[in-house]
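J.: Got a structure here, written out as structure tokens. Questions coming.
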Amino acid sequence: MTKRGLSERMQLALNAQIKAEFDSAYLYLALAAEMESRNLKGFAHWLRRQWEEELIHGLKLYDFLLQRDANVDLHALDKPKVDSTQSALEIFTQVLQHEQYITARIHELYALSQEEKDYASQTLLQWFVDEQVEEEDSAREIMENLRLVGGEGASLFLLDRELSQRPAVGADDE
Ligand code: FEO
């Protein structure tokens, strides 16, 4: 049922997006474990930071629903798809494709908020639109670097070291 301020469609869509963000978190946590098992600790560290980012995204939507006096309806999460035969390049291609999928979802949500003339949701979703530009950019950069180094040897080791420097979530927000 709809409570004040937020349409039924918007509530359903935002709840579905909470799931998508927590699914993303779960995927990155699973991929972090995969990288850790290959002793690529920098990649694992980067993915674990990404897991934290996704939790923050999910919570941002969750808090927004509560602030709008709307229903929070948490869904069951998907089992993450991890293929241990994939190269690091294939894994980061998967990460980029996943982010592109999330971007498409965010754009649909933004269009819905416009259709519904829900200006508060629109403002929130503008933040996500901008965030997705960064999310895709950082995944693409790692993928391109992996393509350049061929995904092996000393260059892979150096890239792994570089990724281990990713700061804590919020530390680079200034
Ligand atoms: Fe929350 Fe990486 O999208």
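Letters A, B, ... go to the chains of the structure tokens in the order shown; residues in each chain start at 1; ligands are counted from 1 in the same order.
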Determine, using only C-alpha atoms, which residues of range 78-154 of chain A have any atom at most 10 Å from an atom of range 52-61 of chain A, and tabulate each with its shortest atom pair and distance in Å to one decimal place, rows ordered by chain and then rising number, as a tab-separated table.
T.:
```
residue	atom	partner	partner_atom	distance
A:Ser121	CA	A:Leu61	CA	9.6
A:Leu124	CA	A:Leu61	CA	8.4
A:Leu125	CA	A:Leu61	CA	9.3
A:Phe128	CA	A:His57	CA	8.3
A:Glu131	CA	A:His57	CA	9.5
A:Glu135	CA	A:Glu53	CA	9.8
```
J.: Convert the current residue selection to file output with N, CA and C atoms, as a JSON list (two decimals), in the first residue's frame.
T.:
```
[["chain", "number", "residue", "atom", "x", "y", "z"],
["A", 121, "SER", "N", 12.63, 12.36, -5.39],
["A", 121, "SER", "CA", 13.27, 11.14, -5.92],
["A", 121, "SER", "C", 14.22, 11.50, -7.05],
["A", 124, "LEU", "N", 17.49, 12.69, -5.65],
["A", 124, "LEU", "CA", 18.26, 11.54, -5.16],
["A", 124, "LEU", "C", 18.87, 10.78, -6.33],
["A", 125, "LEU", "N", 18.04, 10.55, -7.35],
["A", 125, "LEU", "CA", 18.50, 9.74, -8.48],
["A", 125, "LEU", "C", 19.54, 10.47, -9.32],
["A", 128, "PHE", "N", 22.73, 9.36, -8.11],
["A", 128, "PHE", "CA", 23.08, 8.04, -8.63],
["A", 128, "PHE", "C", 23.53, 8.11, -10.10],
["A", 131, "GLU", "N", 27.02, 9.27, -9.94],
["A", 131, "GLU", "CA", 27.84, 8.22, -9.34],
["A", 131, "GLU", "C", 28.15, 7.12, -10.36],
["A", 135, "GLU", "N", 31.50, 5.18, -11.46],
["A", 135, "GLU", "CA", 31.58, 3.72, -11.28],
["A", 135, "GLU", "C", 32.03, 3.05, -12.58]]
```
J.: Select the residues contacting ligand 1 at a distance of at most 12 Å, based on only C-alpha atoms and all ligand atoms, then format the selection as a short mmCIF file (atom, residue, chain, number, x, y, z; two decimals) with C-alpha atoms, in the first residue's frame.
T.:
```cif
data_model
loop_
_atom_site.label_atom_id
_atom_site.label_comp_id
_atom_site.auth_asym_id
_atom_site.auth_seq_id
_atom_site.Cartn_x
_atom_site.Cartn_y
_atom_site.Cartn_z
CA GLN A 17 16.98 -1.00 -6.72
CA ILE A 18 17.97 -1.64 -3.10
CA LYS A 19 18.17 -5.30 -4.08
CA ALA A 20 20.22 -4.45 -7.19
CA GLU A 21 22.71 -2.48 -5.06
CA PHE A 22 23.03 -5.24 -2.47
CA ASP A 23 23.33 -7.80 -5.28
CA SER A 24 26.21 -5.67 -6.59
CA ALA A 25 27.79 -5.66 -3.13
CA TYR A 26 27.45 -9.44 -2.93
CA LEU A 27 28.94 -9.90 -6.41
CA TYR A 28 31.99 -7.77 -5.55
CA LEU A 47 36.68 -5.17 -4.88
CA ARG A 49 36.12 -1.37 -1.15
CA GLN A 50 33.58 -1.61 -3.96
CA TRP A 51 31.49 -3.91 -1.78
CA GLU A 52 31.41 -1.12 0.83
CA GLU A 53 30.42 1.44 -1.82
CA GLU A 54 27.50 -0.72 -2.87
CA LEU A 55 26.31 -1.13 0.70
CA ILE A 56 26.29 2.66 0.98
CA HIS A 57 24.28 2.92 -2.25
CA GLY A 58 21.72 0.43 -0.97
CA LEU A 59 21.47 2.22 2.38
CA LYS A 60 21.02 5.58 0.68
CA LEU A 61 17.88 4.26 -1.01
CA VAL A 95 32.47 -5.76 -13.43
CA LEU A 96 32.14 -3.09 -16.13
CA GLN A 97 29.18 -4.86 -17.73
CA HIS A 98 27.53 -5.11 -14.34
CA GLU A 99 27.98 -1.37 -13.77
CA GLN A 100 26.52 -0.65 -17.22
CA TYR A 101 23.51 -2.74 -16.25
CA ILE A 102 23.14 -0.73 -13.02
CA THR A 103 23.44 2.53 -14.97
CA ALA A 104 20.59 1.45 -17.26
CA ARG A 105 18.46 0.68 -14.22
CA ILE A 106 19.23 4.07 -12.66
CA LEU A 125 18.50 9.74 -8.48
CA TRP A 127 23.20 11.64 -7.39
CA PHE A 128 23.08 8.04 -8.63
CA VAL A 129 23.30 9.14 -12.28
CA ASP A 130 26.51 11.04 -11.48
CA GLU A 131 27.84 8.22 -9.34
CA GLN A 132 27.38 5.73 -12.18
CA VAL A 133 29.60 7.83 -14.44
CA GLU A 134 32.39 7.38 -11.86
CA GLU A 135 31.58 3.72 -11.28
CA GLU A 136 31.82 2.88 -14.96
CA ASP A 137 34.91 5.00 -15.40
CA SER A 138 36.88 3.28 -12.64
CA ALA A 139 35.85 -0.23 -13.76
#
```
J.: Using only C-alpha atoms, which residue out of A:Asn145, A:Gln126, A:Asn15, A:Gln114 lies closest to Leu74 in chain A?
T.: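 Nearest candidate to Leu74 in chain A out of A:Asn145, A:Gln126, A:Asn15, A:Gln114: A:Asn15.
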